[in-house]
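These notes are about the structure you will find just below.
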Amino acid sequence: MATPPQPLPILYSFRRCPYAIRARLALAVAGLRVEWREILLRDKPAEMLSISPKGTVPVLQCHDGTVIDESLDLMVWALQQNDPANWLPPVDSPQDLQTQALIADNDGAFKHWLDRYKYHSRHPERSQLDYRRQAEVLLKDWESRLQKHGGGLCDRQRGLADAAIFPFLRQFSGVEPVWWSTAPFPALRAWLQDWLNSALFRRVMRKQPPWQSGTRGLRCDWRQDPQ
């Protein structure tokens with residue numbers, strides 16, 4: 001008698017959230033099948049809150065009950081299962097230390113200034129221009145890295161740091177698109193556009209209606225369009 005297939009891990013996600021985008025990128029590049037449950041942040045399902053009370057996305061519930069509710073942890077977990085693009089650097093290698101430092105800068109200082117730049121009316125302590133200039137300090141470092149390496153922030157090819165940072169630069173570029181189109185960051189612009197044009201990004205950004213309790217989410221194997 002055949003053994004019944006194990007249920008897929010359940011992914012709670014919100015399409016435009018940069019943390020959720022980077023988690024989906026890692027799941028997709030790893031080729032891991034999941035049941036994708038798209039949610040509304042203003043109407044979070046009880047099923048998600050019962051396993052992750054902090055109420056942020058992404059949240060992955062594995063078939064054994066394990067819950068991963070931090071995006072970077074989810075990325076690393078996915079790549080440890082399968083890493084065909086070699087995104088995950090060797091542990092404690094110079095590239096690993098660079099990757100950790102870059103992501104820490106993005107998740108800390110850059111996210112801080114990005115939020116104030118994007119929602120400057122909520123933070124009248126400084127001008128929008130000042131917030132942008134604070135963020136540009138990190139953009140200058142990323143620009144020089146890309147000009148040095150070519151393809152990625154740490155090396156000639158994209159890796160974990162690139163995938164983790166890209167969704168936040170995507171947000172940044174959309175605040176003042178006219179300014180961004182001529183900003184002094186040509187390598188970053190090309191890098192961003194390459195991500196935006198990729199089939200990988202298109203796969204993880206498929207639009208779908210919000211998940212309804214009691215129904216099955218979208219079954220994704222990422223190697224093709226979700227079913």
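Identifiers in the structure tokens: chain A, B, ... in order shown; residue index from 1 per chain; ligand index from 1 in order shown.
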
Restrict the calculation to only C-alpha atoms, then for each residue of stretch 114-172 of chain A with any atom at most 12 Å from an atom of stretch 183-207 of chain A give the closest atom pair and their distance in Å to one decimal, rows by chain and rising residue number, as a tab-separated table.
```
residue	atom	partner	partner_atom	distance
A:Arg132	CA	A:Ala183	CA	11.5
A:Arg133	CA	A:Ala183	CA	11.6
A:Glu136	CA	A:Phe185	CA	9.5
A:Val137	CA	A:Phe185	CA	11.6
A:Leu138	CA	A:Phe185	CA	11.3
A:Leu139	CA	A:Phe185	CA	7.6
A:Lys140	CA	A:Phe185	CA	7.4
A:Asp141	CA	A:Phe185	CA	10.2
A:Trp142	CA	A:Leu188	CA	7.3
A:Glu143	CA	A:Leu188	CA	5.6
A:Ser144	CA	A:Ala187	CA	8.2
A:Arg145	CA	A:Ala187	CA	9.1
A:Leu146	CA	A:Ala187	CA	6.1
A:Gln147	CA	A:Ala187	CA	6.2
A:Lys148	CA	A:Ala187	CA	9.8
A:His149	CA	A:Ala187	CA	10.4
A:Gly150	CA	A:Ala187	CA	8.2
A:Gly151	CA	A:Trp191	CA	7.4
A:Gly152	CA	A:Trp191	CA	8.0
A:Leu153	CA	A:Trp191	CA	9.6
A:Arg156	CA	A:Trp191	CA	11.8
A:Gln157	CA	A:Trp191	CA	11.1
A:Arg158	CA	A:Trp191	CA	9.6
A:Asp162	CA	A:Trp191	CA	9.2
A:Ala163	CA	A:Trp195	CA	8.8
A:Ala164	CA	A:Trp195	CA	11.8
A:Ile165	CA	A:Leu192	CA	10.0
A:Phe166	CA	A:Leu192	CA	6.8
A:Pro167	CA	A:Leu192	CA	9.0
A:Phe168	CA	A:Leu192	CA	10.3
A:Leu169	CA	A:Leu192	CA	7.4
A:Arg170	CA	A:Leu192	CA	7.0
A:Gln171	CA	A:Leu192	CA	10.7
A:Phe172	CA	A:Leu192	CA	10.8
```

Put those residues in a file: C-alpha atoms, as a CSV table (one decimal), in the first residue's frame.
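Heads up, here's the output in selection_22.csv:
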```
chain,number,residue,atom,x,y,z
A,132,ARG,CA,16.7,60.1,1.3
A,133,ARG,CA,20.3,61.4,1.8
A,136,GLU,CA,22.0,57.2,0.2
A,137,VAL,CA,25.0,56.6,2.5
A,138,LEU,CA,24.3,52.9,2.2
A,139,LEU,CA,23.4,53.1,-1.5
A,140,LYS,CA,26.9,54.5,-2.2
A,141,ASP,CA,28.5,51.5,-0.5
A,142,TRP,CA,26.3,49.1,-2.5
A,143,GLU,CA,27.0,50.9,-5.7
A,144,SER,CA,30.7,50.6,-5.2
A,145,ARG,CA,30.4,46.9,-4.4
A,146,LEU,CA,28.5,46.3,-7.6
A,147,GLN,CA,30.9,48.3,-9.7
A,148,LYS,CA,33.7,46.2,-8.2
A,149,HIS,CA,32.1,42.7,-8.4
A,150,GLY,CA,29.7,43.1,-11.4
A,151,GLY,CA,26.9,40.8,-10.7
A,152,GLY,CA,26.4,40.8,-6.9
A,153,LEU,CA,27.0,42.7,-3.7
A,156,ARG,CA,30.4,38.2,-9.3
A,157,GLN,CA,27.2,36.3,-8.9
A,158,ARG,CA,24.1,37.1,-6.9
A,162,ASP,CA,21.3,40.3,-3.0
A,163,ALA,CA,18.0,38.5,-2.6
A,164,ALA,CA,17.5,39.8,0.9
A,165,ILE,CA,18.2,43.4,0.0
A,166,PHE,CA,16.6,43.6,-3.5
A,167,PRO,CA,12.9,44.0,-2.3
A,168,PHE,CA,13.8,46.9,-0.1
A,169,LEU,CA,15.7,48.7,-2.9
A,170,ARG,CA,12.6,48.1,-5.0
A,171,GLN,CA,10.5,50.0,-2.5
A,172,PHE,CA,13.1,52.8,-2.3
```

Do you know which residues are at most 10 Å from A:Thr66 counting only C-alpha atoms, after dropping those on the same chain fewer than 5 positions away, and could you put them as a list in words?
-> Pro9, Ile51, Leu60 and Gln61 of chain A

Would you mind exporting N, CA and C atoms of the selected residues as a short mmCIF file (atom, residue, chain, number, x, y, z; two decimals), in the first residue's frame?
```cif
data_model
loop_
_atom_site.label_atom_id
_atom_site.label_comp_id
_atom_site.auth_asym_id
_atom_site.auth_seq_id
_atom_site.Cartn_x
_atom_site.Cartn_y
_atom_site.Cartn_z
N PRO A 9 4.35 22.23 3.26
CA PRO A 9 4.48 23.35 4.21
C PRO A 9 3.52 24.47 3.82
N ILE A 51 -0.28 30.31 15.31
CA ILE A 51 1.07 29.73 15.27
C ILE A 51 2.16 30.79 15.35
N LEU A 60 6.03 30.32 7.89
CA LEU A 60 6.02 29.00 7.27
C LEU A 60 5.76 27.96 8.35
N GLN A 61 4.73 27.13 8.13
CA GLN A 61 4.42 26.03 9.03
C GLN A 61 4.74 24.73 8.31
#
```

Tell me which protein, DNA and RNA residues are within 12 Å of A:Cys220, counting only C-alpha atoms, leaving out same-chain ones fewer than 6 positions away, and put them as a PDB file with all heavy atoms, in the first residue's frame.
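Output file out.pdb follows:
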```pdb
ATOM      1  N   LEU A   8       2.010  19.665   2.232  1.00  0.00           N
ATOM      2  CA  LEU A   8       3.004  20.688   1.928  1.00  0.00           C
ATOM      3  C   LEU A   8       3.155  21.660   3.093  1.00  0.00           C
ATOM      4  O   LEU A   8       2.200  21.906   3.840  1.00  0.00           O
ATOM      5  CB  LEU A   8       2.571  21.482   0.687  1.00  0.00           C
ATOM      6  CG  LEU A   8       2.476  20.725  -0.632  1.00  0.00           C
ATOM      7  CD1 LEU A   8       2.050  21.685  -1.742  1.00  0.00           C
ATOM      8  CD2 LEU A   8       3.798  20.062  -0.980  1.00  0.00           C
ATOM      9  N   PRO A   9       4.349  22.230   3.262  1.00  0.00           N
ATOM     10  CA  PRO A   9       4.481  23.345   4.211  1.00  0.00           C
ATOM     11  C   PRO A   9       3.521  24.471   3.819  1.00  0.00           C
ATOM     12  O   PRO A   9       3.288  24.710   2.633  1.00  0.00           O
ATOM     13  CB  PRO A   9       5.944  23.773   4.056  1.00  0.00           C
ATOM     14  CG  PRO A   9       6.640  22.600   3.451  1.00  0.00           C
ATOM     15  CD  PRO A   9       5.620  21.915   2.591  1.00  0.00           C
ATOM     16  N   ILE A  10       2.987  25.146   4.813  1.00  0.00           N
ATOM     17  CA  ILE A  10       2.038  26.233   4.570  1.00  0.00           C
ATOM     18  C   ILE A  10       2.765  27.562   4.723  1.00  0.00           C
ATOM     19  O   ILE A  10       3.377  27.828   5.762  1.00  0.00           O
ATOM     20  CB  ILE A  10       0.846  26.154   5.543  1.00  0.00           C
ATOM     21  CG1 ILE A  10       0.045  24.874   5.297  1.00  0.00           C
ATOM     22  CG2 ILE A  10      -0.055  27.377   5.393  1.00  0.00           C
ATOM     23  CD1 ILE A  10      -1.004  24.598   6.366  1.00  0.00           C
ATOM     24  N   LEU A  11       2.686  28.385   3.704  1.00  0.00           N
ATOM     25  CA  LEU A  11       3.325  29.699   3.710  1.00  0.00           C
ATOM     26  C   LEU A  11       2.256  30.777   3.780  1.00  0.00           C
ATOM     27  O   LEU A  11       1.430  30.908   2.877  1.00  0.00           O
ATOM     28  CB  LEU A  11       4.165  29.903   2.457  1.00  0.00           C
ATOM     29  CG  LEU A  11       4.781  31.299   2.281  1.00  0.00           C
ATOM     30  CD1 LEU A  11       5.881  31.527   3.323  1.00  0.00           C
ATOM     31  CD2 LEU A  11       5.321  31.497   0.872  1.00  0.00           C
ATOM     32  N   ARG A  24       9.986  34.294  -0.358  1.00  0.00           N
ATOM     33  CA  ARG A  24       9.477  33.567  -1.522  1.00  0.00           C
ATOM     34  C   ARG A  24      10.574  33.370  -2.566  1.00  0.00           C
ATOM     35  O   ARG A  24      10.627  32.340  -3.243  1.00  0.00           O
ATOM     36  CB  ARG A  24       8.271  34.292  -2.135  1.00  0.00           C
ATOM     37  CG  ARG A  24       7.064  34.372  -1.209  1.00  0.00           C
ATOM     38  CD  ARG A  24       5.768  34.683  -1.956  1.00  0.00           C
ATOM     39  NE  ARG A  24       5.813  35.873  -2.777  1.00  0.00           N
ATOM     40  CZ  ARG A  24       5.501  37.110  -2.380  1.00  0.00           C
ATOM     41  NH1 ARG A  24       5.126  37.323  -1.108  1.00  0.00           N
ATOM     42  NH2 ARG A  24       5.542  38.130  -3.208  1.00  0.00           N
ATOM     43  N   LEU A  27      12.542  30.350  -1.364  1.00  0.00           N
ATOM     44  CA  LEU A  27      11.766  29.126  -1.550  1.00  0.00           C
ATOM     45  C   LEU A  27      11.714  28.742  -3.024  1.00  0.00           C
ATOM     46  O   LEU A  27      11.823  27.564  -3.382  1.00  0.00           O
ATOM     47  CB  LEU A  27      10.343  29.324  -1.011  1.00  0.00           C
ATOM     48  CG  LEU A  27      10.199  29.372   0.506  1.00  0.00           C
ATOM     49  CD1 LEU A  27       8.828  29.922   0.888  1.00  0.00           C
ATOM     50  CD2 LEU A  27      10.395  27.986   1.117  1.00  0.00           C
ATOM     51  N   ALA A  28      11.549  29.755  -3.875  1.00  0.00           N
ATOM     52  CA  ALA A  28      11.440  29.492  -5.308  1.00  0.00           C
ATOM     53  C   ALA A  28      12.754  29.015  -5.893  1.00  0.00           C
ATOM     54  O   ALA A  28      12.787  28.061  -6.678  1.00  0.00           O
ATOM     55  CB  ALA A  28      10.958  30.748  -6.035  1.00  0.00           C
ATOM     56  N   GLY A  31      13.345  25.607  -5.100  1.00  0.00           N
ATOM     57  CA  GLY A  31      12.410  24.673  -5.712  1.00  0.00           C
ATOM     58  C   GLY A  31      11.561  23.913  -4.715  1.00  0.00           C
ATOM     59  O   GLY A  31      11.133  22.788  -4.988  1.00  0.00           O
ATOM     60  N   LEU A  32      11.297  24.517  -3.541  1.00  0.00           N
ATOM     61  CA  LEU A  32      10.529  23.828  -2.504  1.00  0.00           C
ATOM     62  C   LEU A  32       9.038  24.073  -2.688  1.00  0.00           C
ATOM     63  O   LEU A  32       8.594  25.218  -2.791  1.00  0.00           O
ATOM     64  CB  LEU A  32      10.967  24.320  -1.121  1.00  0.00           C
ATOM     65  CG  LEU A  32      12.438  24.108  -0.771  1.00  0.00           C
ATOM     66  CD1 LEU A  32      12.716  24.566   0.651  1.00  0.00           C
ATOM     67  CD2 LEU A  32      12.844  22.644  -0.945  1.00  0.00           C
ATOM     68  N   ARG A  33       8.279  23.017  -2.703  1.00  0.00           N
ATOM     69  CA  ARG A  33       6.843  23.141  -2.880  1.00  0.00           C
ATOM     70  C   ARG A  33       6.196  23.588  -1.581  1.00  0.00           C
ATOM     71  O   ARG A  33       6.530  23.111  -0.500  1.00  0.00           O
ATOM     72  CB  ARG A  33       6.245  21.808  -3.323  1.00  0.00           C
ATOM     73  CG  ARG A  33       6.799  21.291  -4.639  1.00  0.00           C
ATOM     74  CD  ARG A  33       6.177  19.961  -5.014  1.00  0.00           C
ATOM     75  NE  ARG A  33       4.760  20.124  -5.318  1.00  0.00           N
ATOM     76  CZ  ARG A  33       3.836  19.206  -5.056  1.00  0.00           C
ATOM     77  NH1 ARG A  33       4.167  18.089  -4.445  1.00  0.00           N
ATOM     78  NH2 ARG A  33       2.591  19.417  -5.400  1.00  0.00           N
ATOM     79  N   VAL A  34       5.261  24.518  -1.681  1.00  0.00           N
ATOM     80  CA  VAL A  34       4.535  25.027  -0.523  1.00  0.00           C
ATOM     81  C   VAL A  34       3.078  25.262  -0.894  1.00  0.00           C
ATOM     82  O   VAL A  34       2.728  25.329  -2.068  1.00  0.00           O
ATOM     83  CB  VAL A  34       5.130  26.357   0.010  1.00  0.00           C
ATOM     84  CG1 VAL A  34       6.569  26.185   0.456  1.00  0.00           C
ATOM     85  CG2 VAL A  34       4.998  27.470  -1.025  1.00  0.00           C
ATOM     86  N   GLU A  35       2.254  25.380   0.141  1.00  0.00           N
ATOM     87  CA  GLU A  35       0.887  25.862  -0.034  1.00  0.00           C
ATOM     88  C   GLU A  35       0.877  27.338   0.355  1.00  0.00           C
ATOM     89  O   GLU A  35       1.029  27.686   1.514  1.00  0.00           O
ATOM     90  CB  GLU A  35      -0.094  25.080   0.843  1.00  0.00           C
ATOM     91  CG  GLU A  35      -1.533  25.572   0.720  1.00  0.00           C
ATOM     92  CD  GLU A  35      -2.489  24.881   1.679  1.00  0.00           C
ATOM     93  OE1 GLU A  35      -2.260  23.703   1.996  1.00  0.00           O
ATOM     94  OE2 GLU A  35      -3.454  25.548   2.117  1.00  0.00           O
ATOM     95  N   TRP A  36       0.734  28.186  -0.635  1.00  0.00           N
ATOM     96  CA  TRP A  36       0.834  29.633  -0.453  1.00  0.00           C
ATOM     97  C   TRP A  36      -0.527  30.199  -0.083  1.00  0.00           C
ATOM     98  O   TRP A  36      -1.476  30.124  -0.851  1.00  0.00           O
ATOM     99  CB  TRP A  36       1.361  30.256  -1.741  1.00  0.00           C
ATOM    100  CG  TRP A  36       1.516  31.748  -1.774  1.00  0.00           C
ATOM    101  CD1 TRP A  36       1.167  32.659  -0.816  1.00  0.00           C
ATOM    102  CD2 TRP A  36       2.066  32.510  -2.852  1.00  0.00           C
ATOM    103  NE1 TRP A  36       1.471  33.925  -1.221  1.00  0.00           N
ATOM    104  CE2 TRP A  36       2.022  33.864  -2.466  1.00  0.00           C
ATOM    105  CE3 TRP A  36       2.587  32.156  -4.100  1.00  0.00           C
ATOM    106  CZ2 TRP A  36       2.475  34.891  -3.313  1.00  0.00           C
ATOM    107  CZ3 TRP A  36       3.034  33.166  -4.934  1.00  0.00           C
ATOM    108  CH2 TRP A  36       2.986  34.516  -4.539  1.00  0.00           C
ATOM    109  N   ARG A  37      -0.614  30.759   1.114  1.00  0.00           N
ATOM    110  CA  ARG A  37      -1.836  31.403   1.581  1.00  0.00           C
ATOM    111  C   ARG A  37      -1.605  32.916   1.629  1.00  0.00           C
ATOM    112  O   ARG A  37      -0.945  33.432   2.537  1.00  0.00           O
ATOM    113  CB  ARG A  37      -2.249  30.879   2.954  1.00  0.00           C
ATOM    114  CG  ARG A  37      -2.608  29.398   2.950  1.00  0.00           C
ATOM    115  CD  ARG A  37      -3.032  28.908   4.327  1.00  0.00           C
ATOM    116  NE  ARG A  37      -3.464  27.500   4.280  1.00  0.00           N
ATOM    117  CZ  ARG A  37      -3.905  26.817   5.342  1.00  0.00           C
ATOM    118  NH1 ARG A  37      -3.948  27.415   6.542  1.00  0.00           N
ATOM    119  NH2 ARG A  37      -4.281  25.558   5.206  1.00  0.00           N
ATOM    120  N   ARG A 203       7.583  34.863 -10.955  1.00  0.00           N
ATOM    121  CA  ARG A 203       6.925  33.714 -10.342  1.00  0.00           C
ATOM    122  C   ARG A 203       6.478  34.012  -8.917  1.00  0.00           C
ATOM    123  O   ARG A 203       5.383  33.622  -8.510  1.00  0.00           O
ATOM    124  CB  ARG A 203       7.844  32.494 -10.356  1.00  0.00           C
ATOM    125  CG  ARG A 203       7.992  31.849 -11.726  1.00  0.00           C
ATOM    126  CD  ARG A 203       8.495  30.421 -11.607  1.00  0.00           C
ATOM    127  NE  ARG A 203       9.843  30.345 -11.062  1.00  0.00           N
ATOM    128  CZ  ARG A 203      10.955  30.408 -11.794  1.00  0.00           C
ATOM    129  NH1 ARG A 203      10.881  30.575 -13.102  1.00  0.00           N
ATOM    130  NH2 ARG A 203      12.133  30.307 -11.235  1.00  0.00           N
ATOM    131  N   VAL A 204       7.325  34.709  -8.161  1.00  0.00           N
ATOM    132  CA  VAL A 204       6.967  34.929  -6.753  1.00  0.00           C
ATOM    133  C   VAL A 204       6.011  36.098  -6.563  1.00  0.00           C
ATOM    134  O   VAL A 204       5.505  36.305  -5.455  1.00  0.00           O
ATOM    135  CB  VAL A 204       8.224  35.143  -5.872  1.00  0.00           C
ATOM    136  CG1 VAL A 204       9.203  34.001  -6.042  1.00  0.00           C
ATOM    137  CG2 VAL A 204       8.892  36.485  -6.132  1.00  0.00           C
ATOM    138  N   ARG A 206       3.170  36.532  -8.459  1.00  0.00           N
ATOM    139  CA  ARG A 206       1.872  36.243  -9.059  1.00  0.00           C
ATOM    140  C   ARG A 206       0.749  36.769  -8.163  1.00  0.00           C
ATOM    141  O   ARG A 206       0.731  36.533  -6.958  1.00  0.00           O
ATOM    142  CB  ARG A 206       1.702  34.740  -9.267  1.00  0.00           C
ATOM    143  CG  ARG A 206       0.311  34.375  -9.746  1.00  0.00           C
ATOM    144  CD  ARG A 206       0.209  32.920 -10.148  1.00  0.00           C
ATOM    145  NE  ARG A 206      -1.175  32.583 -10.454  1.00  0.00           N
ATOM    146  CZ  ARG A 206      -1.557  31.454 -11.016  1.00  0.00           C
ATOM    147  NH1 ARG A 206      -0.666  30.544 -11.329  1.00  0.00           N
ATOM    148  NH2 ARG A 206      -2.827  31.213 -11.258  1.00  0.00           N
ATOM    149  N   PRO A 226       2.262  28.614 -10.324  1.00  0.00           N
ATOM    150  CA  PRO A 226       1.510  27.956  -9.263  1.00  0.00           C
ATOM    151  C   PRO A 226       0.173  27.432  -9.782  1.00  0.00           C
ATOM    152  O   PRO A 226      -0.424  27.997 -10.676  1.00  0.00           O
ATOM    153  CB  PRO A 226       1.311  29.070  -8.226  1.00  0.00           C
ATOM    154  CG  PRO A 226       2.403  30.058  -8.506  1.00  0.00           C
ATOM    155  CD  PRO A 226       2.603  30.004  -9.993  1.00  0.00           C
ATOM    156  N   GLN A 227      -0.282  26.327  -9.193  1.00  0.00           N
ATOM    157  CA  GLN A 227      -1.554  25.715  -9.612  1.00  0.00           C
ATOM    158  C   GLN A 227      -2.626  25.993  -8.563  1.00  0.00           C
ATOM    159  O   GLN A 227      -2.357  25.981  -7.392  1.00  0.00           O
ATOM    160  CB  GLN A 227      -1.357  24.202  -9.780  1.00  0.00           C
ATOM    161  CG  GLN A 227      -0.298  23.847 -10.798  1.00  0.00           C
ATOM    162  CD  GLN A 227      -0.666  24.281 -12.204  1.00  0.00           C
ATOM    163  OE1 GLN A 227      -1.813  24.115 -12.616  1.00  0.00           O
ATOM    164  NE2 GLN A 227       0.280  24.850 -12.923  1.00  0.00           N
TER     165      GLN A 227
END
```

Using DSSP on the backbone coordinates, identify the residues of stretch 11-124 of chain A assigned to strand (DSSP E); present them as a PyMOL selection string.
-> chain A and resi 11-13+34-38+59-61+67-68

Quick one: write out the picked residues with N, CA and C atoms as a PDB file, in the first residue's frame?
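Below is the file that was written, again09.pdb:
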```
ATOM      1  N   LEU A  11       2.686  28.385   3.704  1.00  0.00           N
ATOM      2  CA  LEU A  11       3.325  29.699   3.710  1.00  0.00           C
ATOM      3  C   LEU A  11       2.256  30.777   3.780  1.00  0.00           C
ATOM      4  N   TYR A  12       2.268  31.554   4.847  1.00  0.00           N
ATOM      5  CA  TYR A  12       1.430  32.744   4.940  1.00  0.00           C
ATOM      6  C   TYR A  12       2.261  33.918   4.447  1.00  0.00           C
ATOM      7  N   SER A  13       1.706  34.654   3.494  1.00  0.00           N
ATOM      8  CA  SER A  13       2.492  35.693   2.831  1.00  0.00           C
ATOM      9  C   SER A  13       1.600  36.856   2.432  1.00  0.00           C
ATOM     10  N   VAL A  34       5.261  24.518  -1.681  1.00  0.00           N
ATOM     11  CA  VAL A  34       4.535  25.027  -0.523  1.00  0.00           C
ATOM     12  C   VAL A  34       3.078  25.262  -0.894  1.00  0.00           C
ATOM     13  N   GLU A  35       2.254  25.380   0.141  1.00  0.00           N
ATOM     14  CA  GLU A  35       0.887  25.862  -0.034  1.00  0.00           C
ATOM     15  C   GLU A  35       0.877  27.338   0.355  1.00  0.00           C
ATOM     16  N   TRP A  36       0.734  28.186  -0.635  1.00  0.00           N
ATOM     17  CA  TRP A  36       0.834  29.633  -0.453  1.00  0.00           C
ATOM     18  C   TRP A  36      -0.527  30.199  -0.083  1.00  0.00           C
ATOM     19  N   ARG A  37      -0.614  30.759   1.114  1.00  0.00           N
ATOM     20  CA  ARG A  37      -1.836  31.403   1.581  1.00  0.00           C
ATOM     21  C   ARG A  37      -1.605  32.916   1.629  1.00  0.00           C
ATOM     22  N   GLU A  38      -2.117  33.602   0.647  1.00  0.00           N
ATOM     23  CA  GLU A  38      -1.996  35.061   0.580  1.00  0.00           C
ATOM     24  C   GLU A  38      -2.979  35.680   1.575  1.00  0.00           C
ATOM     25  N   VAL A  59       5.282  33.625   7.325  1.00  0.00           N
ATOM     26  CA  VAL A  59       5.231  32.557   8.320  1.00  0.00           C
ATOM     27  C   VAL A  59       5.159  31.243   7.553  1.00  0.00           C
ATOM     28  N   LEU A  60       6.034  30.319   7.887  1.00  0.00           N
ATOM     29  CA  LEU A  60       6.018  28.996   7.271  1.00  0.00           C
ATOM     30  C   LEU A  60       5.756  27.963   8.352  1.00  0.00           C
ATOM     31  N   GLN A  61       4.728  27.133   8.131  1.00  0.00           N
ATOM     32  CA  GLN A  61       4.425  26.031   9.033  1.00  0.00           C
ATOM     33  C   GLN A  61       4.745  24.726   8.314  1.00  0.00           C
ATOM     34  N   VAL A  67       7.517  25.973  13.049  1.00  0.00           N
ATOM     35  CA  VAL A  67       7.093  27.276  12.532  1.00  0.00           C
ATOM     36  C   VAL A  67       8.314  28.180  12.384  1.00  0.00           C
ATOM     37  N   ILE A  68       8.465  28.771  11.220  1.00  0.00           N
ATOM     38  CA  ILE A  68       9.532  29.739  10.964  1.00  0.00           C
ATOM     39  C   ILE A  68       8.852  31.055  10.620  1.00  0.00           C
TER      40      ILE A  68
END
```

Which residues, written as a PyMOL selection string, have at least one atom at most 9 Å from A:Tyr131, with only C-alpha atoms counted and residues fewer than 2 positions away on the same chain left out?
-> chain A and resi 113-118+120+126-129+133-136

Sorted by chain and rising residue number, list the residues of stretch 92-140 of chain A at most 12 Å from stretch 70-87 of chain A (counting only C-alpha atoms), each with its closest atom pair and distance in Å to one decimal, as a Markdown table.
```
| residue | atom | partner | partner_atom | distance |
| --- | --- | --- | --- | --- |
| A:Gln95 | CA | A:Trp87 | CA | 10.7 |
| A:Asp96 | CA | A:Trp87 | CA | 10.4 |
| A:Thr99 | CA | A:Trp87 | CA | 10.3 |
| A:Gln100 | CA | A:Leu72 | CA | 10.3 |
| A:Ile103 | CA | A:Leu72 | CA | 9.0 |
| A:Ala104 | CA | A:Leu72 | CA | 10.5 |
| A:Asn106 | CA | A:Leu72 | CA | 11.9 |
| A:Asp107 | CA | A:Leu72 | CA | 10.1 |
```

Could you take the residues named above and write them with N, CA, C and O atoms, as a short mmCIF file (atom, residue, chain, number, x, y, z; two decimals), in the first residue's frame?
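File result_14.cif, as written:
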```cif
data_model
loop_
_atom_site.label_atom_id
_atom_site.label_comp_id
_atom_site.auth_asym_id
_atom_site.auth_seq_id
_atom_site.Cartn_x
_atom_site.Cartn_y
_atom_site.Cartn_z
N GLN A 95 32.91 35.64 2.78
CA GLN A 95 31.68 36.01 2.08
C GLN A 95 30.47 35.92 3.01
O GLN A 95 29.56 36.75 2.93
N ASP A 96 30.47 34.96 3.91
CA ASP A 96 29.38 34.83 4.88
C ASP A 96 29.36 36.03 5.81
O ASP A 96 28.29 36.59 6.10
N THR A 99 28.06 38.95 3.91
CA THR A 99 26.62 38.79 3.71
C THR A 99 25.86 39.19 4.96
O THR A 99 24.87 39.94 4.88
N GLN A 100 26.29 38.70 6.10
CA GLN A 100 25.63 39.04 7.36
C GLN A 100 25.66 40.54 7.63
O GLN A 100 24.67 41.13 8.06
N ILE A 103 23.24 42.44 5.18
CA ILE A 103 21.83 42.26 5.54
C ILE A 103 21.51 43.02 6.82
O ILE A 103 20.43 43.61 6.96
N ALA A 104 22.44 43.02 7.76
CA ALA A 104 22.22 43.78 9.00
C ALA A 104 22.08 45.28 8.71
O ALA A 104 21.23 45.97 9.29
N ASN A 106 21.02 46.56 5.89
CA ASN A 106 19.74 46.75 5.21
C ASN A 106 18.57 46.71 6.19
O ASN A 106 17.70 47.58 6.17
N ASP A 107 18.56 45.68 7.04
CA ASP A 107 17.44 45.49 7.95
C ASP A 107 17.43 46.51 9.09
O ASP A 107 16.40 46.70 9.74
#
```

Backbone DSSP call of alpha helix (DSSP H) for stretch 53-214 of chain A, listed as JSON, numbers by chain | {"A": [71, 72, 73, 74, 75, 76, 77, 78, 79, 80, 81, 94, 95, 96, 97, 98, 99, 100, 101, 102, 103, 104, 105, 111, 112, 113, 114, 115, 116, 117, 118, 128, 129, 130, 131, 132, 133, 134, 135, 136, 137, 138, 139, 140, 141, 142, 143, 144, 145, 146, 147, 148, 149, 160, 161, 162, 163, 164, 165, 166, 167, 168, 169, 170, 171, 172, 173, 174, 175, 177, 178, 179, 180, 181, 182, 186, 187, 188, 189, 190, 191, 192, 193, 194, 195, 196, 197, 199, 200, 201, 202, 203, 204]}

Quick one: distance from atom CA of A:Ala161 to atom CA of A:Trp179 in Å, one decimal?
-> 25.1 Å

What is the distance, in Å and to one decimal place, between atom CA of A:His123 and atom CA of A:Glu176?
-> 17.2 Å

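One distance worth recording is that between atom CA of A:Pro90 and atom CA of A:Val57, which is 27.2 Å.
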